[in-house]
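Participant: Just so it is clear, I am handing over structure-v3.csv, which has CSV, C-alpha atoms.
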```csv
chain,number,residue,atom,x,y,z
Y,1,MET,CA,9.7,13.9,17.3
Y,2,LEU,CA,10.1,13.0,13.6
Y,3,LEU,CA,10.7,9.3,12.9
Y,4,ALA,CA,11.4,9.8,9.2
Y,5,ALA,CA,9.7,6.9,7.4
Y,6,CYS,CA,8.8,8.0,4.0
Y,7,ALA,CA,5.4,7.3,2.6
Y,8,ASP,CA,3.8,7.6,-0.8
Y,9,ASN,CA,4.7,11.2,-1.4
Y,10,GLY,CA,7.7,11.5,0.8
Y,11,ALA,CA,5.9,12.5,4.0
Y,12,GLN,CA,7.4,11.5,7.3
Y,13,LEU,CA,6.0,9.1,9.9
Y,14,GLN,CA,5.3,11.0,13.1
Y,15,SER,CA,5.4,9.5,16.6
Y,16,ASN,CA,4.4,12.4,18.8
Y,17,GLU,CA,0.7,11.5,19.1
Y,18,GLN,CA,-0.9,9.1,21.5
Y,19,PRO,CA,-2.6,5.9,20.3
Y,20,ALA,CA,-6.3,6.3,19.9
Y,21,ALA,CA,-7.4,2.7,19.3
Y,22,PRO,CA,-8.0,0.0,22.0
Y,23,ALA,CA,-5.7,-3.0,22.1
Y,24,ALA,CA,-6.3,-5.4,19.2
Y,25,THR,CA,-6.1,-9.1,19.0
Y,26,ALA,CA,-4.6,-10.4,15.8
Y,27,GLN,CA,-6.0,-13.5,14.2
Y,28,ALA,CA,-3.8,-15.4,11.8
Y,29,ASP,CA,-4.8,-15.4,8.1
Y,30,SER,CA,-4.7,-18.7,6.2
Y,31,GLU,CA,-1.7,-17.5,4.2
Y,32,LEU,CA,1.8,-16.2,4.9
Y,33,LEU,CA,3.6,-13.7,2.8
Y,34,VAL,CA,7.2,-14.8,2.1
Y,35,LEU,CA,9.7,-12.2,1.1
Y,36,LYS,CA,12.9,-13.6,-0.4
Y,37,LEU,CA,15.9,-11.4,0.5
Y,38,LYS,CA,19.5,-11.8,-0.4
Y,39,THR,CA,20.3,-13.4,3.0
Y,40,GLY,CA,17.2,-15.6,3.3
Y,41,ASP,CA,13.4,-15.7,3.5
Y,42,VAL,CA,11.2,-13.6,5.8
Y,43,GLN,CA,7.8,-15.1,6.7
Y,44,ILE,CA,5.1,-12.6,7.5
Y,45,GLN,CA,1.8,-13.6,9.2
Y,46,LEU,CA,-1.0,-11.6,7.6
Y,47,TYR,CA,-3.8,-10.2,9.8
Y,48,SER,CA,-7.0,-9.9,7.7
Y,49,ASN,CA,-9.0,-9.3,10.8
Y,50,LEU,CA,-7.0,-6.2,11.7
Y,51,ALA,CA,-6.7,-4.7,8.1
Y,52,PRO,CA,-8.9,-6.6,5.6
Y,53,LYS,CA,-8.5,-4.0,2.8
Y,54,HIS,CA,-4.7,-3.7,3.3
Y,55,VAL,CA,-4.2,-7.5,3.4
Y,56,ALA,CA,-6.4,-7.9,0.3
Y,57,ARG,CA,-4.3,-5.3,-1.5
Y,58,VAL,CA,-1.0,-6.9,-0.5
Y,59,LYS,CA,-2.2,-10.3,-1.7
Y,60,GLN,CA,-3.4,-8.8,-5.0
Y,61,LEU,CA,0.0,-7.1,-5.6
Y,62,VAL,CA,1.9,-10.3,-4.6
Y,63,LYS,CA,-0.1,-12.3,-7.1
Y,64,GLU,CA,0.7,-9.7,-9.8
Y,65,GLY,CA,4.4,-9.9,-9.0
Y,66,PHE,CA,4.4,-6.2,-8.0
Y,67,TYR,CA,6.9,-6.5,-5.2
Y,68,ARG,CA,9.5,-8.6,-7.0
Y,69,GLY,CA,12.7,-6.6,-7.4
Y,70,LEU,CA,11.6,-3.5,-5.4
Y,71,LYS,CA,14.2,-1.7,-3.3
Y,72,PHE,CA,14.2,-1.1,0.4
Y,73,HIS,CA,14.5,2.7,-0.2
Y,74,ARG,CA,14.5,3.9,3.4
Y,75,VAL,CA,16.2,1.9,6.1
Y,76,ILE,CA,16.7,3.5,9.5
Y,77,PRO,CA,18.6,1.6,12.2
Y,78,ASN,CA,16.6,1.0,15.4
Y,79,PHE,CA,13.4,2.0,13.5
Y,80,MET,CA,12.4,0.3,10.3
Y,81,ALA,CA,13.0,-0.8,6.7
Y,82,GLN,CA,10.6,0.4,4.1
Y,83,SER,CA,9.8,-0.9,0.6
Y,84,GLY,CA,6.9,-1.2,-1.8
Y,85,ASP,CA,7.6,1.8,-4.1
Y,86,PRO,CA,8.1,0.9,-7.7
Y,87,THR,CA,10.1,4.1,-8.3
Y,88,GLY,CA,12.4,3.4,-5.4
Y,89,THR,CA,12.2,7.0,-4.2
Y,90,GLY,CA,9.5,6.8,-1.6
Y,91,THR,CA,7.0,8.7,-3.7
Y,92,GLY,CA,5.3,5.9,-5.7
Y,93,GLY,CA,2.6,3.4,-5.3
Y,94,SER,CA,0.6,0.8,-7.3
Y,95,LYS,CA,-1.8,1.5,-10.1
Y,96,TYR,CA,-4.7,1.1,-7.6
Y,97,GLY,CA,-6.2,3.8,-5.5
Y,98,ASP,CA,-5.2,4.6,-2.0
Y,99,LEU,CA,-6.7,2.7,0.9
Y,100,PRO,CA,-8.7,3.9,3.9
Y,101,ALA,CA,-7.0,3.7,7.3
Y,102,GLU,CA,-7.6,0.6,9.3
Y,103,PHE,CA,-6.1,1.6,12.6
Y,104,THR,CA,-6.1,-0.7,15.6
Y,105,GLY,CA,-4.5,-0.9,19.0
Y,106,TYR,CA,-2.1,-3.7,17.9
Y,107,VAL,CA,1.2,-2.6,19.5
Y,108,TYR,CA,4.1,-2.2,17.1
Y,109,LYS,CA,7.1,-4.3,18.1
Y,110,THR,CA,9.9,-6.2,16.5
Y,111,GLY,CA,8.8,-7.5,13.1
Y,112,THR,CA,5.5,-5.7,13.0
Y,113,VAL,CA,4.6,-4.8,9.4
Y,114,GLY,CA,2.7,-1.5,8.8
Y,115,ALA,CA,1.4,0.4,5.8
Y,116,ALA,CA,3.4,3.5,5.0
Y,117,ARG,CA,1.3,6.6,4.2
Y,118,THR,CA,1.5,10.4,3.9
Y,119,ALA,CA,0.1,12.8,6.5
Y,120,ASN,CA,-3.3,11.8,5.2
Y,121,PRO,CA,-4.5,8.7,7.2
Y,122,ASN,CA,-6.3,7.4,4.1
Y,123,SER,CA,-3.3,7.5,1.7
Y,124,ALA,CA,-1.7,4.0,2.1
Y,125,ASN,CA,-1.2,2.2,-1.2
Y,126,SER,CA,1.6,-0.4,-1.7
Y,127,GLN,CA,4.4,0.8,0.5
Y,128,PHE,CA,5.1,-0.9,3.9
Y,129,PHE,CA,7.6,-1.0,6.6
Y,130,ILE,CA,9.0,-3.6,9.0
Y,131,CYS,CA,10.0,-2.6,12.5
Y,132,PHE,CA,13.5,-3.5,13.7
Y,133,ASN,CA,12.8,-3.6,17.4
Y,134,ASP,CA,10.2,-3.3,20.2
Y,135,SER,CA,10.7,0.4,20.9
Y,136,GLY,CA,11.4,2.1,17.6
Y,137,CYS,CA,7.9,2.0,16.1
Y,138,ARG,CA,5.9,1.8,19.3
Y,139,GLY,CA,4.7,5.4,18.9
Y,140,LEU,CA,3.0,4.5,15.6
Y,141,THR,CA,0.5,2.3,17.4
Y,142,GLY,CA,-3.1,3.3,16.5
Y,143,GLN,CA,-1.9,5.7,13.8
Y,144,TYR,CA,-0.5,3.4,11.1
Y,145,THR,CA,-2.3,0.4,9.8
Y,146,VAL,CA,-0.8,-2.9,10.9
Y,147,TRP,CA,-1.3,-5.7,8.4
Y,148,GLY,CA,1.3,-8.3,9.4
Y,149,GLN,CA,3.9,-9.6,11.7
Y,150,VAL,CA,7.2,-11.3,10.9
Y,151,VAL,CA,7.1,-14.8,12.3
Y,152,LYS,CA,10.4,-16.2,10.9
Y,153,GLY,CA,13.4,-14.6,9.3
Y,154,MET,CA,13.8,-11.4,11.3
Y,155,GLU,CA,17.6,-11.9,11.2
Y,156,HIS,CA,17.4,-11.3,7.5
Y,157,VAL,CA,15.4,-8.0,8.0
Y,158,ALA,CA,18.1,-6.9,10.4
Y,159,LYS,CA,20.7,-7.3,7.7
Y,160,ILE,CA,19.0,-4.9,5.2
Y,161,THR,CA,21.4,-2.2,4.2
Y,162,PRO,CA,20.7,1.1,6.0
Y,163,GLY,CA,20.4,4.5,4.4
Y,164,GLU,CA,17.9,7.2,3.3
Y,165,PRO,CA,18.3,6.0,0.6
Y,166,PRO,CA,20.9,3.3,0.9
Y,167,ALA,CA,23.8,3.7,-1.5
Y,168,ASN,CA,23.4,0.1,-2.6
Y,169,PRO,CA,19.8,-0.8,-1.6
Y,170,ASP,CA,18.7,-4.3,-0.9
Y,171,ARG,CA,15.8,-5.6,-2.9
Y,172,ILE,CA,12.9,-8.0,-2.5
Y,173,LEU,CA,14.1,-10.8,-4.8
Y,174,ASP,CA,10.6,-12.4,-4.8
Y,175,ALA,CA,7.4,-12.3,-2.9
Y,176,LYS,CA,4.9,-15.1,-2.7
Y,177,LEU,CA,1.9,-16.4,-0.6
Y,178,VAL,CA,2.1,-19.8,1.0
Y,179,PRO,CA,-0.4,-21.6,3.2
Y,180,ALA,CA,0.0,-20.9,6.9
Y,181,GLN,CA,1.0,-23.8,9.1
Y,182,THR,CA,-1.7,-24.8,11.6
```
If you convert what's in this file into C-alpha cells, what do you get?

Facilitator:
Amino acid sequence: MLLAACADNGAQLQSNEQPAAPAATAQADSELLVLKLKTGDVQIQLYSNLAPKHVARVKQLVKEGFYRGLKFHRVIPNFMAQSGDPTGTGTGGSKYGDLPAEFTGYVYKTGTVGAARTANPNSANSQFFICFNDSGCRGLTGQYTVWGQVVKGMEHVAKITPGEPPANPDRILDAKLVPAQT
C-alpha cells in the first residue's frame, strides 16, 4: 500500500513492510521546537536520544532560519502534513548532505514527527512530516526516523490546508527553539 508522502526527490513513503526495530523509549531533549502556523503555535518535543543526527540538523536549520516561510507542500488527510523543502515541490533539501537512518521502534501516533526521505533509507535531509492520527503513520514505525513529538498545538496541525500540493499551501511562519519545561 502506498501512503504517498513525498521525500527529497519525490519518492513515496511505503507502509507495507513490518517494523524491524524494538520499541524505543524517548527521552525529552532540553529544547522544544516551536513552529508558528497561521492558526497558532505547535510545540514539538525533540528526541536526541532517538535520532541525535536528525535533531542536531533540525536545530542547526532552525538557528539559520531555514524553515521560516516554507510551505506544507503535501498534506494528506488522516495521514500527515509534510514540509521542510525550500523549493516547495517535495524535491529539495538543505545545503547540507543527507543523513544516515536512525530508525527505532518508537511507534508513530498522533503528532509524531518523522524525517521524510526517498526509497534510500540514508537520504533524509531537511524535510519532515507530522502525523495526523494514531493509525495513519503507524506502518512507518521502524522505517522512518522519528525525531520529535507534538506536545501542544496539534489542533493547529489539524487545520493545515490539504492537498498534493495544496492550491493555497499553509506555511511555517517562524520556527524557533525554546527551553523545555521541566

Participant: Please, what distance in Å, to one decimal, runs between atom CA of Y:Gln45 and atom CA of Y:Asn168?

Facilitator: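 That distance, rounded to one decimal, is 28.2 Å.
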
Participant: Give me, as CSV, each residue of stretch 91-110 of chain Y that comes within 10 Å of stretch 145-158 of chain Y, together with its shortest interatomic pair and the distance in Å at one decimal, counting all atoms listed in the file, with rows ordered by chain and rising residue number.

Facilitator:
```
residue,atom,partner,partner_atom,distance
Y:Pro100,CA,Y:Thr145,CA,9.4
Y:Ala101,CA,Y:Thr145,CA,6.3
Y:Glu102,CA,Y:Thr145,CA,5.3
Y:Phe103,CA,Y:Thr145,CA,4.9
Y:Thr104,CA,Y:Thr145,CA,7.0
Y:Gly105,CA,Y:Val146,CA,9.1
Y:Tyr106,CA,Y:Val146,CA,7.2
Y:Val107,CA,Y:Val146,CA,8.8
Y:Tyr108,CA,Y:Val146,CA,7.9
Y:Lys109,CA,Y:Gln149,CA,8.9
Y:Thr110,CA,Y:Val150,CA,8.0
```

Participant: Tell me, in Å to one decimal, how far atom CA of Y:Ala167 is from atom CA of Y:Arg74.

Facilitator: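 About the pair atom CA of Y:Ala167 and atom CA of Y:Arg74: they are 10.5 Å apart.
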
Participant: Which neighbours of Y:Gly69 fall inside 8 Å, counting only C-alpha atoms, when residues of the same chain fewer than 4 positions from it are skipped, and could you give them as a PDB file with C-alpha atoms, in the coordinates of the input?

Facilitator:
```pdb
ATOM      1  CA  ARG Y 171      15.800  -5.600  -2.900  1.00  0.00           C
ATOM      2  CA  ILE Y 172      12.900  -8.000  -2.500  1.00  0.00           C
ATOM      3  CA  LEU Y 173      14.100 -10.800  -4.800  1.00  0.00           C
ATOM      4  CA  ASP Y 174      10.600 -12.400  -4.800  1.00  0.00           C
TER       5      ASP Y 174
END
```

Participant: Just want the 12 Å neighbourhood of Y:Arg68, counted on all atoms listed in the file, with same-chain residues fewer than 3 positions away dropped. Output as a PDB file with C-alpha atoms, in the coordinates of the input.

Facilitator:
```
ATOM      1  CA  VAL Y  34       7.200 -14.800   2.100  1.00  0.00           C
ATOM      2  CA  LEU Y  35       9.700 -12.200   1.100  1.00  0.00           C
ATOM      3  CA  LYS Y  36      12.900 -13.600  -0.400  1.00  0.00           C
ATOM      4  CA  LEU Y  37      15.900 -11.400   0.500  1.00  0.00           C
ATOM      5  CA  LEU Y  61       0.000  -7.100  -5.600  1.00  0.00           C
ATOM      6  CA  VAL Y  62       1.900 -10.300  -4.600  1.00  0.00           C
ATOM      7  CA  LYS Y  63      -0.100 -12.300  -7.100  1.00  0.00           C
ATOM      8  CA  GLU Y  64       0.700  -9.700  -9.800  1.00  0.00           C
ATOM      9  CA  GLY Y  65       4.400  -9.900  -9.000  1.00  0.00           C
ATOM     10  CA  LYS Y  71      14.200  -1.700  -3.300  1.00  0.00           C
ATOM     11  CA  PHE Y  72      14.200  -1.100   0.400  1.00  0.00           C
ATOM     12  CA  SER Y  83       9.800  -0.900   0.600  1.00  0.00           C
ATOM     13  CA  GLY Y  84       6.900  -1.200  -1.800  1.00  0.00           C
ATOM     14  CA  ASP Y  85       7.600   1.800  -4.100  1.00  0.00           C
ATOM     15  CA  PRO Y  86       8.100   0.900  -7.700  1.00  0.00           C
ATOM     16  CA  ASP Y 170      18.700  -4.300  -0.900  1.00  0.00           C
ATOM     17  CA  ARG Y 171      15.800  -5.600  -2.900  1.00  0.00           C
ATOM     18  CA  ILE Y 172      12.900  -8.000  -2.500  1.00  0.00           C
ATOM     19  CA  LEU Y 173      14.100 -10.800  -4.800  1.00  0.00           C
ATOM     20  CA  ASP Y 174      10.600 -12.400  -4.800  1.00  0.00           C
ATOM     21  CA  ALA Y 175       7.400 -12.300  -2.900  1.00  0.00           C
ATOM     22  CA  LYS Y 176       4.900 -15.100  -2.700  1.00  0.00           C
TER      23      LYS Y 176
END
```

Participant: Take atom CA of Y:Ile76 and atom CA of Y:Leu177 and report the distance between them in Å, one decimal.

Facilitator: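 Value for the atom CA of Y:Ile76-atom CA of Y:Leu177 distance: 26.8 Å.
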
Participant: Determine the nearest neighbour of Y:Pro169 from the options Y:Gln60, Y:Ser48, Y:Thr25, Y:Gln82, counting all atoms listed in the file.

Facilitator: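 Smallest separation from Y:Pro169 among the options: Y:Gln82.
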
Participant: Find the residue from Y:Thr87, Y:Ile160, Y:Lys53, Y:Tyr47 that sits nearest to Y:Asn122; use only C-alpha atoms when measuring.

Facilitator: Y:Lys53

Participant: Would you kindly return, as a VMD selection string, each protein, DNA or RNA residue with an atom no farther than 12 Å from any atom of Y:Asp29, considering all atoms listed in the file and excluding same-chain residues fewer than 3 positions away?

Facilitator: chain Y and resid 26 32 to 33 44 to 52 55 to 56 59 147 to 149 177 to 182

Participant: Given 8 Å of margin on each side, can you work out the centre and size in Å (one decimal) of an axis-aligned box holding every listed atom of stretch 155-174 of chain Y, as AutoDock Vina command-line options?

Facilitator:
```
--center_x 17.2 --center_y -2.6 --center_z 3.2 --size_x 29.2 --size_y 35.6 --size_z 32.0
```

Participant: Using all atoms listed in the file, which residues sit within 9 Å of Y:Asp98 once same-chain residues fewer than 4 positions away are excluded, as a compact mmCIF listing (two decimals) with C-alpha atoms, keeping the file's coordinate frame?

Facilitator:
```txt
# COMPACT_ATOMS: atom_id res chain seq x y z
CA GLY Y 93 2.60 3.40 -5.30
CA SER Y 94 0.60 0.80 -7.30
CA ASN Y 122 -6.30 7.40 4.10
CA SER Y 123 -3.30 7.50 1.70
CA ALA Y 124 -1.70 4.00 2.10
CA ASN Y 125 -1.20 2.20 -1.20
CA SER Y 126 1.60 -0.40 -1.70
```
